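Notes follow once the structure below has been shown.
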Amino acid sequence: VKIKLPAPATDTSIKPIPDADHPFKAPGPNDLRGPCPGLNTMANHGYLPHNGIATFEQIIAASQEAFNMGFDLASSLAALAILGRGNAFINKVSIGGVTDKIPPLPFQIDGPVAGGLAKHGRFEGDISETRHDIGEGDFQNFQDDLYDEFLTYVGRFGGDSTVTGDASVVNLKVMQEFRWHRFQQEVASDENLVYNLARLSVSYNEAAFVITLFPGADAEMNTGILGSFFRNQTFPPNWSRTGTIGTFDAILDVAEQILQAHPVSAGRNINGQYVLDAPPNTGSATTDVHFDLMSGLSASLVTNTTGLLQENVQLLLKVLAAPFGADPTKQLPTGSP
Ligand code: HEM
Ligand code: MG
């Protein structure tokens, strides 16, 4: 299938989500769900296919429509998803685990099967908010114990709600303190912790989604909305998407604010110690992150492809690189198959 970059959405206004055509329907036993509460929610409402298998274009369209995620960010994430954990020849990725509906690429970039977004590495990684690290527990599905800890941080650092009167507002301070807590927790407990630059950056951006996209058009991001998305994977009652587009730069700005409260650097646990990674030093912070993302993607994507697959890969690499300001013909995938 030839992959095409769709045109950006033209309507980016506030609007009620879901609309009448997208009611919640719980996933069945054969529907794939994974580590992303955003994608899971969109699949539960049919903004993405209910079976959890999506194309590049579908992921972009759904993220813009349901959350008003910026076209640049949505297309870059979708490109990473297809390249890293999907099949770029048939243009499909599982938002959960492996499925026989997505066959391997001809030269088996991802081993015998395309792994799906729940497969560890490249996209899914350590120090998530509501999923454990691989090797320590369930790294795919929502975890009550971590979510309960999240709630204690809302209680300690959150703002007072105008609705309930108590500290149930999930604000910047909550995300700053909870992310810092999760970092320290995994440094102390996960002897195999890997927190490379790409994963660090993605994880702070995901934390930013919680206070930029999840509140929607509401003035208040509270624990009711938090539980709706994380636990129930459904849109809250009477919810509208935000009218402020979540562009790459806007989200990155919030991610930076979360990080700056307690700066941490990329690294990994080696023999019980958090050892910093050597910085790529490509010239800018964002091209450094892109460089590290490329070191995770299989080099076979550029060395072993021809024809339609090669064209698709080149398009996806270009779209992925665009918001980072990186040159997709210079910073190439260098990772193992
Ligand atoms: C986490 C993929 C869009 C919110 C993740 C993870 C993946 C992923 C693979 C797991 C990373 C990890 O924690 O190890 C994607 C892709 C998207 C997308 C390919 C395509 C555009 C969204 C949207 C939202 C969202 C639109 C919210 C509006 C989140 C949050 C997490 C997350 C909050 C962190 C979960 C946690 O740490 O417990 N995403 N996502 N994502 N995603 Fe998405
Ligand atoms: Mg994870």
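Residues in the structure tokens are named by chain (A, B, ... in the order shown) and by number from 1 within that chain; ligands are numbered from 1 in the order shown.
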Please extract the residues at most 6 Å from ligand 1, counting only C-alpha atoms and all ligand atoms, and provide them as a VMD selection string, using the chain letters and residue numbers of this document.
chain A and resid 35 to 39 59 63 67 74 77 to 78 81 117 123 to 126 128 to 131 206 to 207 209 to 210 213 to 214
Per DSSP on the backbone, what are the strand (DSSP E) residues of region 233-269 of chain A, as a ChimeraX atom specification?
/A:240-241,267-269
Give me the residues near Glu191 (chain A) as a list in words, where near means some atom within 8 Å (using only C-alpha atoms) and where sequence neighbours in that chain fewer than 4 positions away do not count.
Val187, Asn269, Ile270, Asn271 and Gly272 of chain A
Could you dump the residues just selected with N, CA, C and O atoms as a JSON list (two decimals), in the first residue's frame?
[["chain", "number", "residue", "atom", "x", "y", "z"],
["A", 187, "VAL", "N", 15.01, 4.38, 39.31],
["A", 187, "VAL", "CA", 16.47, 4.35, 39.49],
["A", 187, "VAL", "C", 16.80, 3.45, 40.68],
["A", 187, "VAL", "O", 17.75, 2.66, 40.65],
["A", 269, "ASN", "N", 20.72, 2.20, 34.34],
["A", 269, "ASN", "CA", 21.30, 1.57, 35.53],
["A", 269, "ASN", "C", 22.28, 0.49, 35.12],
["A", 269, "ASN", "O", 21.95, -0.42, 34.36],
["A", 270, "ILE", "N", 23.48, 0.62, 35.63],
["A", 270, "ILE", "CA", 24.53, -0.37, 35.39],
["A", 270, "ILE", "C", 25.14, -0.73, 36.74],
["A", 270, "ILE", "O", 25.64, 0.16, 37.44],
["A", 271, "ASN", "N", 25.08, -1.99, 37.10],
["A", 271, "ASN", "CA", 25.59, -2.45, 38.39],
["A", 271, "ASN", "C", 25.09, -1.60, 39.55],
["A", 271, "ASN", "O", 25.86, -1.18, 40.41],
["A", 272, "GLY", "N", 23.78, -1.33, 39.52],
["A", 272, "GLY", "CA", 23.17, -0.63, 40.64],
["A", 272, "GLY", "C", 23.40, 0.87, 40.66],
["A", 272, "GLY", "O", 23.09, 1.54, 41.65]]
Best match for closeness to Gln184 (chain A) among A:Val264, A:Leu48, A:Leu309, A:Val254, counting only C-alpha atoms
A:Val264
Closest to ligand 2 among A:Val194, A:Val93, A:Leu83, A:Leu317, using only C-alpha atoms and all ligand atoms?
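Distance minimum relative to ligand 2 lands on A:Val194.
Each of A:Ala278, A:Leu5, A:Ala167, A:Ala54 was checked against Asp72 (chain A) using only C-alpha atoms; the smallest atom-to-atom distance is that of A:Leu5.
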List the neighbours of Ala266 (chain A) out to 10 Å using only C-alpha atoms; skip same-chain residues closer than 6 positions along the sequence, and give me the result as an NGL selection string.
:A and (194-201 or 274-279)
Could those residues be written to a file, using C-alpha atoms, as a tab-separated table (two decimals), in the first residue's frame?
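Just written: out16.tsv:
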chain	number	residue	atom	x	y	z
A	194	VAL	CA	17.06	2.18	30.39
A	195	TYR	CA	16.22	5.85	30.10
A	196	ASN	CA	17.87	6.87	26.87
A	197	LEU	CA	17.42	10.35	25.43
A	198	ALA	CA	14.58	9.45	23.06
A	199	ARG	CA	12.62	7.68	25.80
A	200	LEU	CA	13.28	10.51	28.26
A	201	SER	CA	12.00	13.05	25.79
A	274	TYR	CA	22.50	5.35	37.22
A	275	VAL	CA	25.16	6.05	34.58
A	276	LEU	CA	24.65	8.94	32.16
A	277	ASP	CA	24.64	8.26	28.40
A	278	ALA	CA	27.08	10.16	26.21
A	279	PRO	CA	25.15	13.02	24.59
Within 10 Å of Thr55 (chain A), counting only C-alpha atoms, which residues qualify if same-chain residues fewer than 4 places away don't, as a list of chain:residue names?
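Here the answer would be A:Ile3, A:Leu48, A:Pro49, A:Ile59, A:Ile60, A:Ala61, A:Ala78, A:Ala79, A:Ala81, A:Ile82, A:Gly86, A:Asn87, A:Ala88, A:Ile90, A:Asn91, A:Lys92, A:Val93, A:Ser94.
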Dump as a short mmCIF file (atom, residue, chain, number, x, y, z; two decimals), in the first residue's frame, selection limited to C-alpha atoms:
data_model
loop_
_atom_site.label_atom_id
_atom_site.label_comp_id
_atom_site.auth_asym_id
_atom_site.auth_seq_id
_atom_site.Cartn_x
_atom_site.Cartn_y
_atom_site.Cartn_z
CA ILE A 3 1.45 5.63 2.21
CA LEU A 48 -9.44 4.45 15.42
CA PRO A 49 -10.49 0.98 14.23
CA ILE A 59 -3.66 7.73 13.57
CA ILE A 60 -3.06 11.26 12.32
CA ALA A 61 -6.71 11.94 11.56
CA ALA A 78 2.42 8.03 13.72
CA ALA A 79 5.51 7.70 11.49
CA ALA A 81 4.83 3.94 15.25
CA ILE A 82 4.66 2.46 11.75
CA GLY A 86 4.39 -1.73 12.50
CA ASN A 87 4.67 -2.84 8.93
CA ALA A 88 5.51 0.01 6.53
CA ILE A 90 1.07 -2.75 4.34
CA ASN A 91 0.79 0.48 6.40
CA LYS A 92 -0.45 -1.00 9.65
CA VAL A 93 0.48 -0.98 13.31
CA SER A 94 -1.08 -2.65 16.33
#
Taking only C-alpha atoms into account, name the residue in A:His181, A:Arg122, A:Thr162, A:Leu172 that is nearest to Asp292 (chain A).
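Smallest separation from Asp292 (chain A) among the options: A:Arg122.
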Give the answer as one residue: which of A:Asn141, A:Ala7, A:Phe89, A:Gln58 has the shortest atom-to-atom distance to ligand 2, using only C-alpha atoms and all ligand atoms?
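Among the listed residues, the smallest separation from ligand 2 belongs to A:Asn141.
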Residues near Phe229 (chain A), cut-off 9 Å, only C-alpha atoms, skip fewer than 3 positions along chain, as an mmCIF file with all heavy atoms, in the first residue's frame:
data_model
loop_
_atom_site.group_PDB
_atom_site.id
_atom_site.type_symbol
_atom_site.label_atom_id
_atom_site.label_comp_id
_atom_site.auth_asym_id
_atom_site.auth_seq_id
_atom_site.Cartn_x
_atom_site.Cartn_y
_atom_site.Cartn_z
ATOM 1 N N PRO A 37 -2.893 5.494 26.687
ATOM 2 C CA PRO A 37 -4.291 5.763 27.021
ATOM 3 C C PRO A 37 -5.012 6.578 25.948
ATOM 4 O O PRO A 37 -6.233 6.430 25.782
ATOM 5 C CB PRO A 37 -4.203 6.545 28.340
ATOM 6 C CG PRO A 37 -2.812 7.097 28.391
ATOM 7 C CD PRO A 37 -1.956 6.140 27.621
ATOM 8 N N GLY A 38 -4.281 7.396 25.208
ATOM 9 C CA GLY A 38 -4.887 8.188 24.137
ATOM 10 C C GLY A 38 -5.368 7.309 22.989
ATOM 11 O O GLY A 38 -6.521 7.395 22.552
ATOM 12 N N ASN A 40 -5.811 4.035 23.054
ATOM 13 C CA ASN A 40 -6.825 3.091 23.545
ATOM 14 C C ASN A 40 -8.199 3.753 23.576
ATOM 15 O O ASN A 40 -9.201 3.162 23.167
ATOM 16 C CB ASN A 40 -6.475 2.611 24.960
ATOM 17 C CG ASN A 40 -5.239 1.731 24.997
ATOM 18 O OD1 ASN A 40 -4.777 1.258 23.964
ATOM 19 N ND2 ASN A 40 -4.707 1.518 26.186
ATOM 20 N N THR A 41 -8.239 4.977 24.067
ATOM 21 C CA THR A 41 -9.512 5.701 24.148
ATOM 22 C C THR A 41 -10.090 5.926 22.752
ATOM 23 O O THR A 41 -11.284 5.706 22.516
ATOM 24 C CB THR A 41 -9.319 7.055 24.868
ATOM 25 O OG1 THR A 41 -8.867 6.802 26.202
ATOM 26 C CG2 THR A 41 -10.607 7.856 24.907
ATOM 27 N N PHE A 214 -5.563 16.232 27.722
ATOM 28 C CA PHE A 214 -6.623 15.587 28.503
ATOM 29 C C PHE A 214 -7.651 16.569 29.071
ATOM 30 O O PHE A 214 -8.840 16.238 29.127
ATOM 31 C CB PHE A 214 -6.042 14.705 29.621
ATOM 32 C CG PHE A 214 -5.538 13.349 29.155
ATOM 33 C CD1 PHE A 214 -4.780 12.537 30.002
ATOM 34 C CD2 PHE A 214 -5.822 12.864 27.884
ATOM 35 C CE1 PHE A 214 -4.316 11.285 29.584
ATOM 36 C CE2 PHE A 214 -5.361 11.622 27.451
ATOM 37 C CZ PHE A 214 -4.600 10.833 28.315
ATOM 38 N N GLY A 224 -11.196 13.388 38.025
ATOM 39 C CA GLY A 224 -12.285 12.730 37.298
ATOM 40 C C GLY A 224 -11.886 12.492 35.849
ATOM 41 O O GLY A 224 -12.070 11.392 35.305
ATOM 42 N N ILE A 225 -11.332 13.522 35.228
ATOM 43 C CA ILE A 225 -10.888 13.402 33.827
ATOM 44 C C ILE A 225 -9.706 12.431 33.738
ATOM 45 O O ILE A 225 -9.623 11.597 32.824
ATOM 46 C CB ILE A 225 -10.491 14.789 33.267
ATOM 47 C CG1 ILE A 225 -11.673 15.775 33.365
ATOM 48 C CG2 ILE A 225 -10.003 14.668 31.834
ATOM 49 C CD1 ILE A 225 -11.319 17.206 32.961
ATOM 50 N N LEU A 226 -8.826 12.516 34.709
ATOM 51 C CA LEU A 226 -7.637 11.652 34.733
ATOM 52 C C LEU A 226 -8.040 10.172 34.742
ATOM 53 O O LEU A 226 -7.519 9.368 33.969
ATOM 54 C CB LEU A 226 -6.799 11.972 35.979
ATOM 55 C CG LEU A 226 -5.369 11.440 36.013
ATOM 56 C CD1 LEU A 226 -4.483 12.194 35.033
ATOM 57 C CD2 LEU A 226 -4.781 11.536 37.431
ATOM 58 N N ASN A 232 -10.481 4.148 32.619
ATOM 59 C CA ASN A 232 -11.645 3.672 31.846
ATOM 60 C C ASN A 232 -11.456 3.776 30.340
ATOM 61 O O ASN A 232 -12.237 3.228 29.571
ATOM 62 C CB ASN A 232 -12.891 4.438 32.277
ATOM 63 C CG ASN A 232 -13.159 4.275 33.764
ATOM 64 O OD1 ASN A 232 -12.869 3.231 34.343
ATOM 65 N ND2 ASN A 232 -13.691 5.310 34.401
ATOM 66 N N GLN A 233 -10.448 4.549 29.932
ATOM 67 C CA GLN A 233 -10.120 4.675 28.518
ATOM 68 C C GLN A 233 -11.331 5.085 27.692
ATOM 69 O O GLN A 233 -11.656 4.504 26.653
ATOM 70 C CB GLN A 233 -9.432 3.400 28.041
ATOM 71 C CG GLN A 233 -8.287 3.052 29.014
ATOM 72 C CD GLN A 233 -7.304 2.029 28.537
ATOM 73 O OE1 GLN A 233 -6.132 2.328 28.397
ATOM 74 N NE2 GLN A 233 -7.760 0.834 28.274
ATOM 75 N N THR A 234 -11.991 6.104 28.226
ATOM 76 C CA THR A 234 -13.158 6.673 27.566
ATOM 77 C C THR A 234 -13.136 8.187 27.787
ATOM 78 O O THR A 234 -12.522 8.679 28.730
ATOM 79 C CB THR A 234 -14.447 6.057 28.146
ATOM 80 O OG1 THR A 234 -15.572 6.557 27.422
ATOM 81 C CG2 THR A 234 -14.635 6.394 29.610
ATOM 82 N N PHE A 235 -13.805 8.940 26.909
ATOM 83 C CA PHE A 235 -13.887 10.386 27.102
ATOM 84 C C PHE A 235 -14.792 10.684 28.296
ATOM 85 O O PHE A 235 -15.817 10.024 28.480
ATOM 86 C CB PHE A 235 -14.424 11.060 25.838
ATOM 87 C CG PHE A 235 -13.482 10.961 24.685
ATOM 88 C CD1 PHE A 235 -13.645 9.980 23.719
ATOM 89 C CD2 PHE A 235 -12.398 11.822 24.575
ATOM 90 C CE1 PHE A 235 -12.748 9.855 22.654
ATOM 91 C CE2 PHE A 235 -11.501 11.717 23.518
ATOM 92 C CZ PHE A 235 -11.677 10.727 22.559
ATOM 93 N N PRO A 236 -14.424 11.681 29.108
ATOM 94 C CA PRO A 236 -15.275 12.036 30.253
ATOM 95 C C PRO A 236 -16.624 12.562 29.770
ATOM 96 O O PRO A 236 -16.744 13.027 28.635
ATOM 97 C CB PRO A 236 -14.499 13.160 30.939
ATOM 98 C CG PRO A 236 -13.138 13.159 30.341
ATOM 99 C CD PRO A 236 -13.241 12.537 28.987
#
